[in-house]
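A.B. asks: Data file run.cif (mmCIF, C-alpha atoms) is appended below.
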```cif
data_structure
loop_
_atom_site.label_atom_id
_atom_site.label_comp_id
_atom_site.auth_asym_id
_atom_site.auth_seq_id
_atom_site.Cartn_x
_atom_site.Cartn_y
_atom_site.Cartn_z
CA MET M 1 73.04 96.28 119.83
CA GLU M 2 75.44 98.17 117.55
CA GLU M 3 76.80 96.18 114.62
CA LYS M 4 80.48 95.32 114.82
CA LYS M 5 82.83 97.21 112.52
CA GLU M 6 84.84 95.39 109.86
CA LEU M 7 88.50 96.10 110.60
CA LEU M 8 89.67 95.64 107.01
CA SER M 9 87.21 98.31 105.83
CA LEU M 10 88.70 100.94 108.17
CA ASP M 11 91.41 103.30 106.99
CA LYS M 12 94.16 104.17 109.45
CA GLN M 13 92.45 107.34 110.69
CA GLU M 14 89.18 105.46 111.30
CA LEU M 15 91.12 102.78 113.20
CA GLU M 16 92.76 105.49 115.32
CA ALA M 17 89.32 106.93 116.14
CA LEU M 18 87.94 103.50 117.08
CA LEU M 19 90.88 102.79 119.36
CA GLY M 20 90.44 106.21 120.94
CA GLU M 21 86.81 105.37 121.73
CA LEU M 22 88.04 102.21 123.47
CA GLY M 23 90.42 104.23 125.64
CA GLU M 24 93.46 102.98 123.74
CA PRO M 25 96.29 105.30 122.65
CA ARG M 26 95.93 106.24 118.99
CA TYR M 27 99.49 105.11 118.21
CA ARG M 28 98.19 101.55 118.48
CA ALA M 29 96.73 102.03 114.99
CA GLY M 30 100.31 102.12 113.70
CA GLN M 31 100.91 98.74 115.35
CA ILE M 32 97.69 97.14 114.18
CA PHE M 33 96.91 98.52 110.70
CA PRO M 34 99.97 97.10 108.85
CA GLN M 35 99.46 93.66 110.35
CA LEU M 36 95.80 93.54 109.36
CA HIS M 37 96.89 94.11 105.76
CA ARG M 38 99.49 91.35 105.97
CA GLY M 39 96.78 88.87 106.88
CA ILE M 40 97.41 88.81 110.64
CA SER M 41 94.30 88.86 112.83
CA PRO M 42 94.29 90.80 116.14
CA ASP M 43 94.28 87.46 118.01
CA GLU M 44 97.64 86.62 116.41
CA MET M 45 99.30 89.97 117.12
CA THR M 46 102.08 89.79 119.70
CA ASN M 47 102.77 93.52 119.91
CA ILE M 48 99.45 94.42 121.56
CA GLY M 49 98.23 93.23 124.94
CA ARG M 50 95.44 90.80 125.69
CA ALA M 51 93.21 93.56 127.12
CA THR M 52 93.50 95.55 123.88
CA ARG M 53 92.61 92.50 121.81
CA GLU M 54 89.57 91.79 123.97
CA ARG M 55 88.31 95.39 123.77
CA LEU M 56 88.73 95.33 120.01
CA ALA M 57 86.92 92.00 119.65
CA LYS M 58 83.82 93.42 121.37
CA VAL M 59 83.30 96.14 118.75
CA ALA M 60 85.04 94.89 115.58
CA PHE M 61 85.79 91.73 113.61
CA TYR M 62 88.49 90.54 111.23
CA HIS M 63 87.74 88.04 108.48
CA LEU M 64 89.66 87.03 105.38
CA PRO M 65 87.90 85.20 102.53
CA LEU M 66 88.35 81.44 102.84
CA VAL M 67 89.67 79.37 99.93
CA ARG M 68 86.71 77.17 99.06
CA LYS M 69 88.22 75.92 95.81
CA LYS M 70 91.54 76.49 94.08
CA LEU M 71 92.50 75.59 90.52
CA VAL M 72 96.06 75.88 89.22
CA SER M 73 96.78 75.97 85.49
CA ALA M 74 99.28 73.41 84.29
CA LEU M 75 99.90 75.64 81.27
CA ASP M 76 101.00 78.92 82.84
CA GLY M 77 100.59 78.72 86.63
CA THR M 78 97.48 80.93 86.71
CA ILE M 79 95.59 80.35 89.97
CA LYS M 80 91.80 80.63 90.14
CA TYR M 81 90.27 81.02 93.58
CA LEU M 82 86.69 80.55 94.68
CA PHE M 83 86.61 82.57 97.90
CA GLU M 84 83.92 82.10 100.54
CA LEU M 85 82.91 85.25 102.38
CA ALA M 86 81.81 85.50 106.01
CA ASP M 87 78.12 85.09 105.10
CA GLY M 88 78.75 82.01 102.93
CA HIS M 89 78.48 83.75 99.55
CA CYS M 90 81.28 83.12 97.08
CA VAL M 91 83.27 85.24 94.64
CA GLU M 92 86.15 84.52 92.29
CA SER M 93 89.67 85.94 92.00
CA VAL M 94 92.39 85.04 89.51
CA LEU M 95 96.14 85.33 90.13
CA MET M 96 98.06 85.88 86.89
CA HIS M 97 101.79 85.85 86.23
CA TYR M 98 103.47 88.24 83.82
CA GLU M 99 107.08 89.15 83.10
CA HIS M 100 106.66 92.36 85.09
CA GLY M 101 105.14 90.64 88.14
CA THR M 102 101.98 89.10 89.60
CA THR M 103 98.54 90.64 89.08
CA ILE M 104 95.23 89.68 90.65
CA CYS M 105 91.81 90.04 89.06
CA ILE M 106 89.22 90.56 91.79
CA SER M 107 85.43 90.63 92.10
CA SER M 108 83.50 93.68 93.29
CA GLN M 109 80.04 92.18 93.86
CA VAL M 110 78.36 88.85 94.56
CA GLY M 111 76.71 88.40 91.18
CA CYS M 112 76.00 91.30 88.83
CA ALA M 113 72.95 93.32 87.80
CA MET M 114 74.23 94.54 84.43
CA GLY M 115 72.93 91.60 82.38
CA CYS M 116 75.65 91.49 79.67
CA LYS M 117 74.65 88.55 77.45
CA PHE M 118 78.15 87.10 77.05
CA CYS M 119 79.07 87.09 80.76
CA ALA M 120 78.71 84.22 83.22
CA SER M 121 78.96 86.56 86.22
CA THR M 122 75.55 88.12 85.62
CA ILE M 123 73.59 84.86 85.38
CA GLY M 124 71.32 84.84 88.42
CA GLY M 125 71.63 88.59 88.95
CA LYS M 126 73.20 90.60 91.72
CA VAL M 127 73.10 89.38 95.33
CA ARG M 128 74.96 92.20 97.08
CA ASN M 129 77.91 94.58 97.00
CA LEU M 130 81.23 93.64 98.55
CA THR M 131 82.58 95.80 101.33
CA ALA M 132 85.92 97.57 100.99
CA GLY M 133 87.30 95.00 103.45
CA GLU M 134 86.07 92.08 101.33
CA LEU M 135 87.69 93.65 98.29
CA VAL M 136 91.09 94.07 99.93
CA GLY M 137 90.62 90.69 101.61
CA GLN M 138 90.81 88.96 98.22
CA VAL M 139 94.24 90.48 97.62
CA ILE M 140 95.49 89.56 101.09
CA ALA M 141 94.09 86.03 101.01
CA ALA M 142 95.57 85.28 97.57
CA ALA M 143 98.97 86.65 98.57
CA LYS M 144 98.90 84.65 101.79
CA ASP M 145 97.89 81.41 100.09
CA SER M 146 100.27 81.73 97.14
CA GLY M 147 103.20 83.27 99.01
CA GLU M 148 103.58 85.77 96.18
CA ARG M 149 103.95 89.54 96.21
CA ILE M 150 101.02 91.00 94.26
CA GLY M 151 102.01 94.13 92.40
CA GLY M 152 98.97 94.81 90.23
CA ILE M 153 95.19 94.67 90.44
CA VAL M 154 92.53 94.32 87.76
CA MET M 155 88.93 94.99 88.78
CA MET M 156 87.37 92.83 86.10
CA GLY M 157 85.96 89.90 88.05
CA ILE M 158 82.38 89.27 89.12
CA GLY M 159 80.29 92.46 89.35
CA GLU M 160 80.34 96.03 88.02
CA PRO M 161 82.85 98.04 90.11
CA LEU M 162 81.17 101.42 89.55
CA ASP M 163 77.84 99.98 90.71
CA ASN M 164 79.61 99.58 94.08
CA PHE M 165 81.22 103.01 93.88
CA ASP M 166 81.85 104.03 97.49
CA ASN M 167 83.24 100.67 98.59
CA VAL M 168 85.45 100.44 95.49
CA VAL M 169 86.91 103.93 96.02
CA LYS M 170 87.58 103.09 99.67
CA PHE M 171 89.28 99.86 98.54
CA LEU M 172 91.51 101.75 96.09
CA GLN M 173 92.65 104.05 98.88
CA LEU M 174 93.25 101.15 101.27
CA VAL M 175 95.21 98.99 98.84
CA ASN M 176 97.33 102.01 97.83
CA HIS M 177 98.20 102.88 101.46
CA ALA M 178 101.93 102.75 102.17
CA GLU M 179 101.33 100.62 105.29
CA GLY M 180 98.84 98.38 103.51
CA GLN M 181 99.46 96.58 100.20
CA ASN M 182 101.26 99.68 98.88
CA ILE M 183 100.12 98.99 95.31
CA GLY M 184 100.49 102.09 93.15
CA TYR M 185 97.36 103.48 91.50
CA ARG M 186 99.06 103.20 88.12
CA HIS M 187 99.19 99.43 88.62
CA ILE M 188 95.42 99.21 89.12
CA SER M 189 92.91 98.84 86.28
CA LEU M 190 89.15 99.26 86.72
CA SER M 191 86.73 97.94 84.11
CA THR M 192 83.20 99.29 83.67
CA CYS M 193 80.35 98.49 81.30
CA GLY M 194 79.72 102.22 81.01
CA LEU M 195 77.91 103.85 83.95
CA VAL M 196 78.33 107.43 82.75
CA ASP M 197 77.40 109.20 85.98
CA ARG M 198 79.88 107.10 87.93
CA ILE M 199 82.64 107.65 85.36
CA ASP M 200 82.20 111.38 85.97
CA ARG M 201 82.35 110.86 89.75
CA LEU M 202 85.52 108.80 89.34
CA ALA M 203 87.09 111.48 87.13
CA ALA M 204 86.46 114.09 89.82
CA LEU M 205 88.72 112.10 92.20
CA SER M 206 91.67 112.26 89.73
CA LEU M 207 93.02 108.87 90.80
CA PRO M 208 95.76 107.83 88.34
CA ILE M 209 94.30 104.36 87.77
CA THR M 210 93.67 102.88 84.32
CA LEU M 211 90.02 103.00 83.26
CA SER M 212 88.85 100.24 80.92
CA ILE M 213 85.57 100.63 79.04
CA SER M 214 83.68 97.51 77.97
CA LEU M 215 82.49 98.67 74.55
CA HIS M 216 82.03 95.48 72.47
CA ALA M 217 80.17 97.16 69.58
CA ALA M 218 80.37 100.26 67.40
CA ASP M 219 76.63 100.92 67.05
CA ASP M 220 73.78 101.18 69.53
CA GLU M 221 71.67 98.42 68.02
CA THR M 222 74.40 95.79 68.34
CA ARG M 223 75.55 97.01 71.76
CA SER M 224 72.04 97.17 73.22
CA ALA M 225 71.42 93.58 72.10
CA ILE M 226 74.34 92.28 74.18
CA MET M 227 74.64 94.99 76.86
CA PRO M 228 71.37 96.25 78.43
CA VAL M 229 73.24 99.20 79.99
CA ASN M 230 73.39 100.75 76.51
CA SER M 231 69.67 101.50 76.71
CA ARG M 232 70.45 103.73 79.69
CA TYR M 233 73.73 105.23 78.48
CA ASN M 234 74.20 104.93 74.73
CA ILE M 235 77.53 104.94 72.94
CA ALA M 236 77.51 108.70 72.29
CA ALA M 237 76.91 109.46 75.98
CA LEU M 238 79.58 106.96 77.01
CA LEU M 239 82.24 108.39 74.70
CA ASP M 240 81.36 111.92 75.85
CA ALA M 241 82.11 110.74 79.39
CA CYS M 242 85.40 109.26 78.17
CA ARG M 243 86.42 112.63 76.72
CA ARG M 244 85.60 114.32 80.02
CA TYR M 245 87.54 111.66 81.95
CA TYR M 246 90.63 112.14 79.80
CA ALA M 247 90.38 115.95 80.01
CA LYS M 248 90.23 115.72 83.81
CA THR M 249 92.82 113.00 84.47
CA GLY M 250 95.08 112.91 81.41
CA ARG M 251 94.97 109.12 81.70
CA ARG M 252 94.63 106.95 78.60
CA ILE M 253 91.45 104.87 78.49
CA SER M 254 91.52 101.27 77.31
CA PHE M 255 88.53 100.00 75.34
CA GLU M 256 87.64 96.33 75.69
CA TYR M 257 86.03 94.61 72.73
CA THR M 258 84.84 91.02 73.12
CA LEU M 259 84.85 89.24 69.77
CA ILE M 260 81.80 87.00 69.28
CA ALA M 261 81.68 84.81 66.18
CA GLY M 262 79.04 86.03 63.73
CA LYS M 263 78.02 88.95 65.96
CA ASN M 264 80.70 91.63 65.97
CA ASP M 265 83.89 90.11 64.53
CA ALA M 266 83.69 91.01 60.83
CA PRO M 267 86.21 93.37 59.20
CA GLU M 268 83.35 95.80 58.54
CA ALA M 269 82.71 95.94 62.30
CA ALA M 270 86.38 96.78 62.85
CA LYS M 271 86.13 99.62 60.30
CA ARG M 272 83.02 100.99 62.05
CA LEU M 273 84.78 100.78 65.42
CA ALA M 274 87.84 102.65 64.14
CA LEU M 275 85.66 105.33 62.54
CA LEU M 276 83.63 105.73 65.72
CA LEU M 277 86.66 106.12 67.99
CA ASN M 278 88.52 108.43 65.62
CA ARG M 279 85.53 110.71 65.08
CA SER M 280 84.41 110.75 68.71
CA LEU M 281 87.72 111.04 70.53
CA ARG M 282 90.09 112.78 68.16
CA THR M 283 89.74 116.39 67.06
CA ARG M 284 91.94 118.98 65.35
CA THR M 285 92.91 120.42 68.72
CA GLU M 286 93.24 117.24 70.78
CA THR M 287 94.25 113.69 69.97
CA MET M 288 93.22 111.35 72.73
CA PRO M 289 95.39 108.21 72.95
CA ILE M 290 93.26 105.17 72.16
CA HIS M 291 93.94 101.51 72.81
CA VAL M 292 91.59 98.63 72.05
CA ASN M 293 91.99 95.35 73.91
CA LEU M 294 90.50 92.53 71.82
CA ILE M 295 89.09 89.61 73.82
CA PRO M 296 87.82 86.45 72.10
CA VAL M 297 84.62 85.64 74.00
CA ASN M 298 84.73 83.02 76.73
CA GLU M 299 82.33 80.27 75.75
CA VAL M 300 79.66 79.84 78.41
CA ALA M 301 77.02 77.15 77.93
CA GLU M 302 74.14 79.43 78.94
CA THR M 303 74.95 82.13 76.34
CA GLY M 304 75.46 80.05 73.21
CA PHE M 305 78.11 82.52 72.00
CA GLN M 306 81.17 81.15 70.23
CA ARG M 307 84.73 82.48 70.08
CA ALA M 308 85.85 84.22 66.92
CA ASP M 309 88.51 82.09 65.22
CA LYS M 310 92.15 83.17 65.17
CA ARG M 311 92.02 84.40 61.58
CA ALA M 312 89.01 86.62 62.32
CA VAL M 313 90.73 88.01 65.42
CA SER M 314 93.95 88.76 63.51
CA ARG M 315 92.01 90.38 60.66
CA PHE M 316 89.99 92.53 63.05
CA CYS M 317 93.15 93.68 64.82
CA ALA M 318 94.86 94.51 61.53
CA VAL M 319 91.93 96.61 60.31
CA LEU M 320 92.01 98.68 63.50
CA GLU M 321 95.76 99.24 63.17
CA GLU M 322 95.38 100.21 59.50
CA ASN M 323 92.89 102.87 60.60
CA GLY M 324 95.10 104.42 63.27
CA ILE M 325 93.78 102.55 66.31
CA ARG M 326 96.34 100.73 68.45
CA ALA M 327 95.05 97.25 69.28
CA THR M 328 96.25 94.14 71.01
CA VAL M 329 94.74 90.70 71.54
CA ARG M 330 94.51 89.77 75.20
CA ARG M 331 96.67 86.83 76.12
CA ARG M 332 94.43 84.04 77.37
CA LEU M 333 95.73 82.78 80.71
CA GLY M 334 94.55 79.69 82.56
CA SER M 335 92.59 78.32 79.61
CA ASP M 336 92.69 74.81 81.07
CA ILE M 337 90.94 75.97 84.27
CA ASN M 338 88.36 78.35 82.73
CA ALA M 339 90.07 81.29 84.40
CA SER M 340 87.50 83.86 83.27
CA CYS M 341 85.33 84.86 86.23
CA GLY M 342 81.82 83.62 86.92
CA GLN M 343 81.99 80.01 85.77
CA LEU M 344 83.47 78.48 88.92
CA ARG M 345 80.92 80.23 91.13
CA ARG M 346 78.09 79.06 88.85
CA ALA M 347 79.32 75.48 89.01
CA GLU M 348 79.56 75.61 92.81
CA LEU M 349 76.06 77.07 93.12
CA ALA M 350 74.71 74.28 90.91
CA ALA M 351 76.52 71.65 93.00
CA ASP M 352 75.11 73.14 96.22
CA GLU M 353 71.60 73.13 94.77
CA ALA M 354 71.95 69.54 93.64
CA ALA M 355 73.15 68.50 97.08
CA LYS M 356 70.12 70.16 98.71
CA ASN M 357 67.74 68.30 96.41
CA GLN M 358 69.20 64.85 97.10
#
```
Could you express the structure from this file as C-alpha cells?
C.D. replies:
Amino acid sequence: MEEKKELLSLDKQELEALLGELGEPRYRAGQIFPQLHRGISPDEMTNIGRATRERLAKVAFYHLPLVRKKLVSALDGTIKYLFELADGHCVESVLMHYEHGTTICISSQVGCAMGCKFCASTIGGKVRNLTAGELVGQVIAAAKDSGERIGGIVMMGIGEPLDNFDNVVKFLQLVNHAEGQNIGYRHISLSTCGLVDRIDRLAALSLPITLSISLHAADDETRSAIMPVNSRYNIAALLDACRRYYAKTGRRISFEYTLIAGKNDAPEAAKRLALLLNRSLRTRTETMPIHVNLIPVNEVAETGFQRADKRAVSRFCAVLEENGIRATVRRRLGSDINASCGQLRRAELAADEAAKNQ
C-alpha cells in the first residue's frame, strides 16, 4: 500500500498534481493550499465538497504539531513550546518578541548528531530529520496557539539545519510562498555548525536568507575540543566556504561565538578571533562585512560549562570592536523558562523514562 503524502510538505504545484490524479480540477489547489498554511485541515474546509475531502483523505494526511508543554516568560513574554509530532517524538520552538515584530526559533531535527559539547540538543544523538511539513507546522502551530503574526524565523533550535538539507530548502520555499506564511527570505536566519559542502550547496541557490556560522573559537585545537565537526571541516576550510558564499550571494554572514568561562572568553581569545576574521575574510580588493554575535553559554547540567561573567563579555566585545570587528551581545530572552532549545525536551524524555520505570 502506498504511503500517504503529507499535505504540508507539498508545494502548490505538487498539490495541483495530486488533485489532478484524484480527478479533481487543479484550481482546487488555490482553494486548499492557503488554508492548509493557516492551520485549517481539509476536514474543516467549507469551500470544498465532501467528496473532495474524502478522496484527499485516502491518499494524504494533515497534521500540525501538538502543544505538549508551553512555558511563558513572566519577564518578557517569550513562549517556549514543546511540540509533539505525529509519531510521538518532540521538538522545541521558541516565540520571541522584538520591537520590529515576532520571531520564532524552530527545530530542524529530532535530536542532533553534531555533538557540540555546550549544547543540550545533541545529548542522546540524532533520532531523525523533520519533514518540510513538520518544519512549517511549527510556525503554523505557534501562530495559531499564540494568535500572533510571525514575521521572522530563526533556524537555531534542535538539530543542524544543513544536515537536513533538502527538507530545509523545501521549508524555506514553502514558508516564503505568497499564499503560505509569506515570510520574506531576508527575515529568515539559518544557523550551521559549519558543514562546508552544504554551505556551498546553499550558496548555489542564492536565497537571500541570513547565514549564521557557529564558530565559537579562533583556533582548531579549541574548536575541535568543543565542536567535533571541526575535525571534518577545520576553520580554514569553513572560512573559505564563507568567502565563496559571500561572493555568490552578497549576503553578510553572522558569526556566532558562545562565551564559556575559562575556555574561550579571555581578551587574548578576542584578539585571536579578530585577527583570524580580518586576515581570512578581508583583502586589499574586497572587504567582507563581518558581524560577531556573542552568546554567553547556556548552563546545562550535563556539560559542566559556566557562563562568562558580564565583565568578561563586555571586555571581549570591546576588544573585537577595537580591532575592527562589529560585535553585539545577544539579548537573553525567556531566562526564567530556560528558553534555549534542548532542555525542555531532555526534561520531558527523563520524565517519560521515569514513568516507565515506576
A.B. asks: If we count only C-alpha atoms and set the cut-off at 10 Å, which residues sit around Leu130 of chain M, ignoring sequence neighbours fewer than 5 positions away in its own chain? Please answer as a ChimeraX atom specification.
C.D. replies: /M:85,91,107-110,135-136,159,161,164,167-168
A.B. asks: What does the distance between atom CA of Glu14 of chain M and atom CA of Ala29 of chain M come to in Å, to one decimal place?
C.D. replies: 9.1 Å
A.B. asks: Sort by chain and increasing residue number a table of all residues of segment 42-85 of chain M within 12 Å of segment 321-332 of chain M, each with its closest pair of atoms and their distance in Å to one decimal, counting only C-alpha atoms, and write it as a tab-separated table.
C.D. replies:
```
residue	atom	partner	partner_atom	distance
M:Ser73	CA	M:Arg332	CA	11.7
M:Leu75	CA	M:Arg332	CA	10.8
M:Asp76	CA	M:Arg332	CA	10.0
M:Thr78	CA	M:Arg332	CA	10.3
```
A.B. asks: Select, from M:Ala237, M:Leu333, M:Tyr27, M:Arg284, the residue with the minimum atom-to-atom distance to Cys105 of chain M, counting only C-alpha atoms.
C.D. replies: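 Checking each candidate against Cys105 of chain M, we get M:Leu333 as the closest.
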A.B. asks: Could you tell me how far atom CA of Glu2 of chain M sits from atom CA of Leu15 of chain M, in Å to one decimal place?
C.D. replies: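 So the two atoms, atom CA of Leu15 of chain M and atom CA of Glu2 of chain M, lie 16.9 Å apart.
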A.B. asks: Please list as a ChimeraX atom specification every residue within 7 Å of segment 238-241 of chain M, counting only C-alpha atoms and excluding residues in the same chain fewer than 3 positions away.
C.D. replies: /M:194,196,199-200,233-235,244-245,280
A.B. asks: Please write the residues picked by the PyMOL selection byres ((chain M and resi 223) around 12) on this file as an NGL selection string.
C.D. replies: :M and (116-118 or 193-194 or 214-222 or 224-236 or 238 or 257-258 or 263-264 or 269 or 273)
A.B. asks: Which residues are close to Arg198 of chain M, i.e. within 8 Å by only C-alpha atoms, leaving aside same-chain residues fewer than 2 positions away? Reply as a PyMOL selection string.
C.D. replies: chain M and resi 162-163+165+195-196+200-202
A.B. asks: With the file shown as input, list the residues that the PyMOL selection byres ((chain M and resi 291) around 10) selects, as a ChimeraX atom specification.
C.D. replies: /M:212,252-256,277,288-290,292-294,320,325-328
A.B. asks: When you look at Leu66 of chain M with a cut-off of 8 Å (counting all atoms listed in the file), what residues show up, excluding the ones that are within fewer than 3 positions of it in the same chain? I need them as a list of chain:residue names.
C.D. replies: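 My reading of the contact set: M:Phe83, M:Glu84, M:Leu85, M:Ala141.
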A.B. asks: Could you tell me how far atom CA of Glu24 of chain M lies from atom CA of Leu172 of chain M, in Å and to one decimal?
C.D. replies: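 Spanning atom CA of Glu24 of chain M to atom CA of Leu172 of chain M is a straight-line distance of 27.7 Å.
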